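Asks: Structure file coords_11.cif, mmCIF, C-alpha atoms, is pasted below:
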```
data_input
loop_
_atom_site.label_atom_id
_atom_site.label_comp_id
_atom_site.auth_asym_id
_atom_site.auth_seq_id
_atom_site.Cartn_x
_atom_site.Cartn_y
_atom_site.Cartn_z
CA MET Z 1 9.95 10.19 -13.72
CA ALA Z 2 12.27 7.52 -12.31
CA VAL Z 3 11.17 5.63 -9.23
CA PRO Z 4 13.71 5.97 -6.43
CA THR Z 5 15.14 2.66 -5.30
CA ASN Z 6 16.26 1.70 -1.87
CA HIS Z 7 19.89 0.68 -2.37
CA ARG Z 8 20.08 -0.79 1.11
CA ASP Z 9 17.30 -3.24 0.23
CA GLU Z 10 19.09 -4.16 -3.00
CA VAL Z 11 22.37 -4.72 -1.16
CA ALA Z 12 20.60 -6.75 1.52
CA GLN Z 13 18.97 -8.90 -1.17
CA LEU Z 14 22.30 -9.41 -2.95
CA LEU Z 15 23.95 -10.44 0.32
CA ALA Z 16 21.11 -12.83 1.12
CA ASP Z 17 21.42 -14.38 -2.37
CA TYR Z 18 25.19 -14.66 -1.90
CA ARG Z 19 24.80 -16.37 1.48
CA ARG Z 20 22.23 -18.82 0.06
CA GLY Z 21 24.59 -19.64 -2.78
CA ARG Z 22 27.50 -20.19 -0.39
CA GLU Z 23 25.41 -22.44 1.82
CA GLN Z 24 24.26 -24.43 -1.20
CA LEU Z 25 27.89 -24.78 -2.32
CA ALA Z 26 28.93 -25.87 1.18
CA SER Z 27 26.12 -28.41 1.24
CA VAL Z 28 27.17 -29.87 -2.11
CA GLN Z 29 30.80 -29.99 -0.94
CA ARG Z 30 29.78 -31.84 2.24
CA THR Z 31 27.78 -34.29 0.13
CA LEU Z 32 30.73 -34.87 -2.21
CA MET Z 33 33.08 -35.40 0.73
CA SER Z 34 30.72 -37.95 2.27
CA ILE Z 35 30.52 -40.13 -0.84
CA ALA Z 36 32.03 -43.57 -0.44
CA GLU Z 37 30.99 -46.39 -2.74
CA SER Z 38 32.02 -50.02 -2.53
CA ALA Z 39 32.04 -52.86 -5.02
CA THR Z 40 32.72 -56.54 -4.48
CA SER Z 41 34.32 -58.85 -7.03
CA GLN Z 42 32.20 -61.56 -8.64
CA ASP Z 43 33.83 -64.24 -6.50
CA GLY Z 44 33.21 -62.18 -3.35
CA LEU Z 45 36.86 -62.19 -2.33
CA VAL Z 46 37.73 -58.54 -2.99
CA THR Z 47 35.87 -55.43 -1.86
CA ALA Z 48 37.07 -51.96 -2.87
CA THR Z 49 35.77 -48.66 -1.51
CA VAL Z 50 36.43 -45.32 -3.21
CA ASP Z 51 35.56 -41.70 -2.48
CA SER Z 52 33.85 -39.18 -4.77
CA THR Z 53 37.06 -38.63 -6.73
CA GLY Z 54 37.54 -42.35 -7.35
CA THR Z 55 40.44 -42.57 -4.91
CA LEU Z 56 40.74 -45.94 -3.24
CA CYS Z 57 40.04 -45.50 0.48
CA GLY Z 58 39.41 -49.09 1.50
CA LEU Z 59 40.38 -52.53 0.25
CA THR Z 60 39.47 -55.89 1.72
CA ILE Z 61 41.00 -59.07 0.33
CA ALA Z 62 39.85 -62.38 1.75
CA ASP Z 63 42.57 -64.88 2.63
CA GLU Z 64 41.06 -67.31 0.13
CA ALA Z 65 41.86 -64.85 -2.70
CA TYR Z 66 45.60 -65.51 -2.25
CA ARG Z 67 45.06 -69.25 -2.61
CA ARG Z 68 42.58 -69.06 -5.48
CA HIS Z 69 44.25 -66.43 -7.69
CA ARG Z 70 47.67 -65.98 -9.16
CA PRO Z 71 49.14 -62.53 -8.31
CA THR Z 72 48.37 -61.07 -11.75
CA GLU Z 73 44.79 -62.38 -11.62
CA LEU Z 74 44.32 -60.92 -8.15
CA ALA Z 75 45.71 -57.57 -9.32
CA ASP Z 76 43.26 -57.56 -12.24
CA THR Z 77 40.39 -58.41 -9.90
CA ILE Z 78 41.37 -55.55 -7.59
CA LEU Z 79 41.54 -53.12 -10.52
CA ARG Z 80 38.17 -54.21 -11.96
CA THR Z 81 36.50 -54.02 -8.56
CA THR Z 82 37.98 -50.59 -7.87
CA ARG Z 83 36.81 -49.32 -11.28
CA SER Z 84 33.31 -50.59 -10.56
CA ALA Z 85 33.23 -48.75 -7.22
CA ALA Z 86 34.61 -45.60 -8.90
CA LEU Z 87 31.81 -45.65 -11.48
CA LYS Z 88 29.22 -45.84 -8.71
CA ALA Z 89 30.88 -43.00 -6.78
CA ALA Z 90 31.11 -40.84 -9.92
CA GLU Z 91 27.39 -41.33 -10.58
CA ARG Z 92 26.53 -40.20 -7.05
CA ALA Z 93 28.82 -37.18 -7.43
CA ARG Z 94 27.14 -36.26 -10.74
CA ARG Z 95 23.71 -36.47 -9.11
CA ALA Z 96 24.90 -34.27 -6.23
CA LEU Z 97 26.31 -31.60 -8.54
CA ALA Z 98 23.65 -31.49 -11.24
CA PRO Z 99 21.05 -29.43 -9.33
CA VAL Z 100 23.48 -26.58 -8.61
CA LEU Z 101 25.03 -26.31 -12.07
CA PRO Z 102 23.75 -24.19 -14.93
CA PRO Z 103 21.55 -26.26 -17.29
CA ASP Z 104 24.18 -26.46 -20.05
CA THR Z 105 27.00 -27.65 -17.74
CA ASP Z 106 28.08 -31.29 -17.86
CA PRO Z 107 28.67 -32.49 -14.26
CA ASP Z 108 30.99 -35.26 -15.49
CA ALA Z 109 33.17 -32.76 -17.36
CA LEU Z 110 33.37 -30.62 -14.25
CA LEU Z 111 34.26 -33.57 -12.02
CA THR Z 112 36.99 -34.78 -14.36
CA GLY Z 113 38.54 -31.33 -14.58
CA ARG Z 114 37.55 -30.68 -18.18
CA ALA Z 115 34.75 -28.18 -17.43
CA ASP Z 116 33.95 -26.64 -20.82
CA LEU Z 117 37.21 -27.54 -22.54
CA THR Z 118 37.13 -29.44 -25.81
CA GLU Z 119 39.18 -32.57 -26.45
CA ALA Z 120 41.49 -30.53 -28.71
CA GLU Z 121 42.15 -28.06 -25.88
CA ILE Z 122 43.20 -30.74 -23.40
CA ALA Z 123 45.07 -33.03 -25.75
CA PRO Z 124 48.80 -33.10 -25.01
CA PRO Z 125 50.92 -31.14 -27.46
CA PRO Z 126 52.51 -33.22 -30.20
CA MET Z 127 55.99 -34.47 -29.47
CA PRO Z 128 58.65 -32.66 -31.46
CA ALA Z 129 60.41 -34.75 -34.07
CA VAL Z 130 63.75 -36.03 -32.89
CA THR Z 131 66.51 -35.21 -35.31
CA ARG Z 132 69.89 -36.77 -34.99
CA PRO Z 133 72.92 -34.89 -36.17
CA SER Z 134 74.62 -36.51 -39.08
CA VAL Z 135 77.73 -38.38 -38.12
CA ASP Z 136 80.84 -37.40 -39.95
CA GLU Z 137 83.15 -40.38 -39.67
CA ASP Z 138 86.19 -38.21 -40.33
CA SER Z 139 85.30 -35.74 -37.59
CA TYR Z 140 87.25 -35.93 -34.36
CA GLU Z 141 85.47 -33.01 -32.66
CA ASP Z 142 84.17 -34.98 -29.70
CA THR Z 143 87.24 -37.14 -29.27
CA SER Z 144 89.60 -36.60 -26.38
CA TRP Z 145 93.19 -37.67 -26.73
CA MET Z 146 94.06 -36.72 -23.17
CA GLY Z 147 93.67 -40.02 -21.36
CA ARG Z 148 95.25 -42.28 -23.95
CA ARG Z 149 98.70 -43.87 -23.62
#
```
For the file at hand, write its structure as structure tokens.

Replies:
Amino acid sequence: MAVPTNHRDEVAQLLADYRRGREQLASVQRTLMSIAESATSQDGLVTATVDSTGTLCGLTIADEAYRRHRPTELADTILRTTRSAALKAAERARRALAPVLPPDTDPDALLTGRADLTEAEIAPPPMPAVTRPSVDEDSYEDTSWMGRR
């Protein structure tokens, strides 16, 4: 004989589980939004700050940097420093996401928008071969005689 179940209790439990999951998701989102990591160049003249997505949200360049570096060197220093800060921010984001993801989910793949896609699935489609029509030197199809005198 089947044991009768209380559907209201089941629904209440499902709603409670749903609310806990939503709160956990909101907490992770708040953590991700609060991430800001900074890095300073080796010479101490450039400091870059990025958010959890690696977007530059702060940049400090000391006046001395303009005297010490050529523009291309300064640009390279800014890029290297920003990349370093982005790596630190990405690591914090991975650590924030890992506890709420299923065990077989790669937090880095999720953060970079790849989720469970393979490299073949996200590779750009091959460019079609460009074919040029053969040129017939005796053809005057595309020649206009209207404007000539």

Asks: Name all residues at most 12 Å from Z:Ala96 (count all atoms listed in the file; drop same-chain ones fewer than 2 positions away) and give them as a PyMOL selection string.

Replies: chain Z and resi 24-35+52+89-94+98-101+107-108+111

Asks: Can you tell me how far atom CA of Z:Thr72 sits from atom CA of Z:Leu59, in Å to one decimal?

Replies: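 Result for atom CA of Z:Thr72 versus atom CA of Z:Leu59: 16.8 Å, one decimal.
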
Asks: Could you put an axis-aligned box around every listed atom of stretch 112-116 of chain Z, padded by 4 Å on each side, and send me its centre and edge lengths in Å to one decimal, as AutoDock Vina command-line options?

Replies:
```
--center_x 36.2 --center_y -30.7 --center_z -17.6 --size_x 12.6 --size_y 16.1 --size_z 14.5
```

Asks: What does the distance between atom CA of Z:Gly44 and atom CA of Z:Ile61 come to in Å, to one decimal place?

Replies: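 The value is 9.2 Å.
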
Asks: Let me make sure I understand: among Z:Thr53, Z:Thr105, Z:Thr118, Z:Gln42, which one has the smallest atom-to-atom distance to Z:Ala65 if we use all atoms listed in the file?

Replies: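 Closest to Z:Ala65 of all the choices is Z:Gln42.
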
Asks: Name the residues captured by the PyMOL selection byres ((chain Z and resi 83) around 12) when it is applied to the shown file; answer as a ChimeraX atom specification.

Replies: /Z:37-41,47-51,53-56,76-82,84-90

Asks: Atom CA of Z:Gln13 and atom CA of Z:Leu97, how far apart in Å?

Replies: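 Computing it gives 25.0 Å between the two atoms.
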
Asks: If you keep N, CA, C and O atoms, can you output stretch 71-105 of chain Z as a tab-separated table (two decimals), in the first residue's frame?

Replies:
```tsv
chain	number	residue	atom	x	y	z
Z	71	PRO	N	56.72	56.35	-25.63
Z	71	PRO	CA	55.28	56.03	-25.66
Z	71	PRO	C	54.99	54.54	-25.89
Z	71	PRO	O	54.12	53.98	-25.22
Z	72	THR	N	55.72	53.89	-26.79
Z	72	THR	CA	55.45	52.47	-27.03
Z	72	THR	C	55.83	51.62	-25.83
Z	72	THR	O	55.15	50.66	-25.51
Z	73	GLU	N	56.91	51.98	-25.14
Z	73	GLU	CA	57.31	51.25	-23.94
Z	73	GLU	C	56.28	51.43	-22.83
Z	73	GLU	O	55.95	50.49	-22.12
Z	74	LEU	N	55.78	52.65	-22.69
Z	74	LEU	CA	54.77	52.92	-21.68
Z	74	LEU	C	53.48	52.14	-21.99
Z	74	LEU	O	52.87	51.55	-21.09
Z	75	ALA	N	53.11	52.10	-23.25
Z	75	ALA	CA	51.92	51.34	-23.65
Z	75	ALA	C	52.10	49.86	-23.31
Z	75	ALA	O	51.18	49.23	-22.78
Z	76	ASP	N	53.27	49.31	-23.60
Z	76	ASP	CA	53.53	47.90	-23.27
Z	76	ASP	C	53.48	47.68	-21.75
Z	76	ASP	O	52.95	46.67	-21.29
Z	77	THR	N	54.02	48.60	-21.00
Z	77	THR	CA	53.99	48.49	-19.54
Z	77	THR	C	52.55	48.50	-19.03
Z	77	THR	O	52.18	47.71	-18.16
Z	78	ILE	N	51.74	49.38	-19.60
Z	78	ILE	CA	50.33	49.45	-19.20
Z	78	ILE	C	49.63	48.13	-19.52
Z	78	ILE	O	48.89	47.59	-18.69
Z	79	LEU	N	49.87	47.60	-20.71
Z	79	LEU	CA	49.23	46.34	-21.10
Z	79	LEU	C	49.66	45.18	-20.20
Z	79	LEU	O	48.83	44.40	-19.74
Z	80	ARG	N	50.97	45.07	-19.94
Z	80	ARG	CA	51.46	43.99	-19.07
Z	80	ARG	C	50.89	44.10	-17.67
Z	80	ARG	O	50.48	43.11	-17.07
Z	81	THR	N	50.84	45.31	-17.15
Z	81	THR	CA	50.33	45.53	-15.79
Z	81	THR	C	48.83	45.22	-15.73
Z	81	THR	O	48.36	44.59	-14.78
Z	82	THR	N	48.10	45.61	-16.76
Z	82	THR	CA	46.67	45.32	-16.80
Z	82	THR	C	46.43	43.82	-16.90
Z	82	THR	O	45.54	43.28	-16.22
Z	83	ARG	N	47.21	43.12	-17.71
Z	83	ARG	CA	47.08	41.66	-17.81
Z	83	ARG	C	47.34	40.99	-16.47
Z	83	ARG	O	46.65	40.05	-16.08
Z	84	SER	N	48.33	41.47	-15.76
Z	84	SER	CA	48.66	40.90	-14.45
Z	84	SER	C	47.50	41.09	-13.48
Z	84	SER	O	47.13	40.16	-12.75
Z	85	ALA	N	46.90	42.27	-13.47
Z	85	ALA	CA	45.74	42.51	-12.61
Z	85	ALA	C	44.57	41.64	-13.03
Z	85	ALA	O	43.84	41.09	-12.19
Z	86	ALA	N	44.38	41.46	-14.34
Z	86	ALA	CA	43.27	40.64	-14.84
Z	86	ALA	C	43.43	39.18	-14.43
Z	86	ALA	O	42.44	38.51	-14.10
Z	87	LEU	N	44.65	38.68	-14.42
Z	87	LEU	CA	44.88	37.30	-13.98
Z	87	LEU	C	44.52	37.13	-12.51
Z	87	LEU	O	43.91	36.13	-12.12
Z	88	LYS	N	44.87	38.11	-11.70
Z	88	LYS	CA	44.52	38.06	-10.27
Z	88	LYS	C	43.01	38.12	-10.08
Z	88	LYS	O	42.44	37.37	-9.27
Z	89	ALA	N	42.34	38.97	-10.83
Z	89	ALA	CA	40.88	39.10	-10.71
Z	89	ALA	C	40.19	37.82	-11.18
Z	89	ALA	O	39.22	37.38	-10.56
Z	90	ALA	N	40.70	37.23	-12.25
Z	90	ALA	CA	40.10	35.99	-12.77
Z	90	ALA	C	40.24	34.86	-11.75
Z	90	ALA	O	39.31	34.06	-11.57
Z	91	GLU	N	41.36	34.80	-11.07
Z	91	GLU	CA	41.56	33.77	-10.04
Z	91	GLU	C	40.56	33.95	-8.90
Z	91	GLU	O	39.98	32.99	-8.42
Z	92	ARG	N	40.36	35.18	-8.47
Z	92	ARG	CA	39.36	35.42	-7.41
Z	92	ARG	C	37.96	35.06	-7.88
Z	92	ARG	O	37.17	34.50	-7.12
Z	93	ALA	N	37.64	35.36	-9.13
Z	93	ALA	CA	36.32	35.03	-9.67
Z	93	ALA	C	36.14	33.52	-9.73
Z	93	ALA	O	35.07	32.99	-9.40
Z	94	ARG	N	37.19	32.79	-10.15
Z	94	ARG	CA	37.11	31.32	-10.18
Z	94	ARG	C	36.86	30.76	-8.79
Z	94	ARG	O	36.03	29.87	-8.61
Z	95	ARG	N	37.56	31.29	-7.80
Z	95	ARG	CA	37.38	30.81	-6.43
Z	95	ARG	C	35.98	31.12	-5.91
Z	95	ARG	O	35.41	30.34	-5.16
Z	96	ALA	N	35.41	32.24	-6.33
Z	96	ALA	CA	34.05	32.60	-5.89
Z	96	ALA	C	33.00	31.69	-6.53
Z	96	ALA	O	32.01	31.34	-5.90
Z	97	LEU	N	33.22	31.31	-7.77
Z	97	LEU	CA	32.25	30.48	-8.50
Z	97	LEU	C	32.34	29.00	-8.18
Z	97	LEU	O	31.32	28.30	-8.18
Z	98	ALA	N	33.52	28.50	-7.95
Z	98	ALA	CA	33.73	27.06	-7.82
Z	98	ALA	C	32.78	26.37	-6.83
Z	98	ALA	O	32.24	25.31	-7.15
Z	99	PRO	N	32.53	26.92	-5.66
Z	99	PRO	CA	31.68	26.20	-4.70
Z	99	PRO	C	30.22	26.02	-5.15
Z	99	PRO	O	29.54	25.13	-4.66
Z	100	VAL	N	29.75	26.86	-6.05
Z	100	VAL	CA	28.34	26.77	-6.45
Z	100	VAL	C	28.13	26.05	-7.77
Z	100	VAL	O	27.00	25.88	-8.21
Z	101	LEU	N	29.21	25.63	-8.41
Z	101	LEU	CA	29.10	24.94	-9.69
Z	101	LEU	C	29.10	23.42	-9.48
Z	101	LEU	O	29.69	22.93	-8.52
Z	102	PRO	N	28.47	22.70	-10.40
Z	102	PRO	CA	28.56	21.24	-10.34
Z	102	PRO	C	30.03	20.82	-10.42
Z	102	PRO	O	30.85	21.52	-11.01
Z	103	PRO	N	30.38	19.67	-9.83
Z	103	PRO	CA	31.78	19.26	-9.75
Z	103	PRO	C	32.51	19.18	-11.09
Z	103	PRO	O	33.70	19.41	-11.16
Z	104	ASP	N	31.81	18.87	-12.16
Z	104	ASP	CA	32.48	18.70	-13.45
Z	104	ASP	C	32.49	19.98	-14.29
Z	104	ASP	O	32.82	19.96	-15.46
Z	105	THR	N	32.13	21.13	-13.69
Z	105	THR	CA	32.08	22.39	-14.43
Z	105	THR	C	33.36	23.17	-14.19
Z	105	THR	O	33.80	23.35	-13.06
```
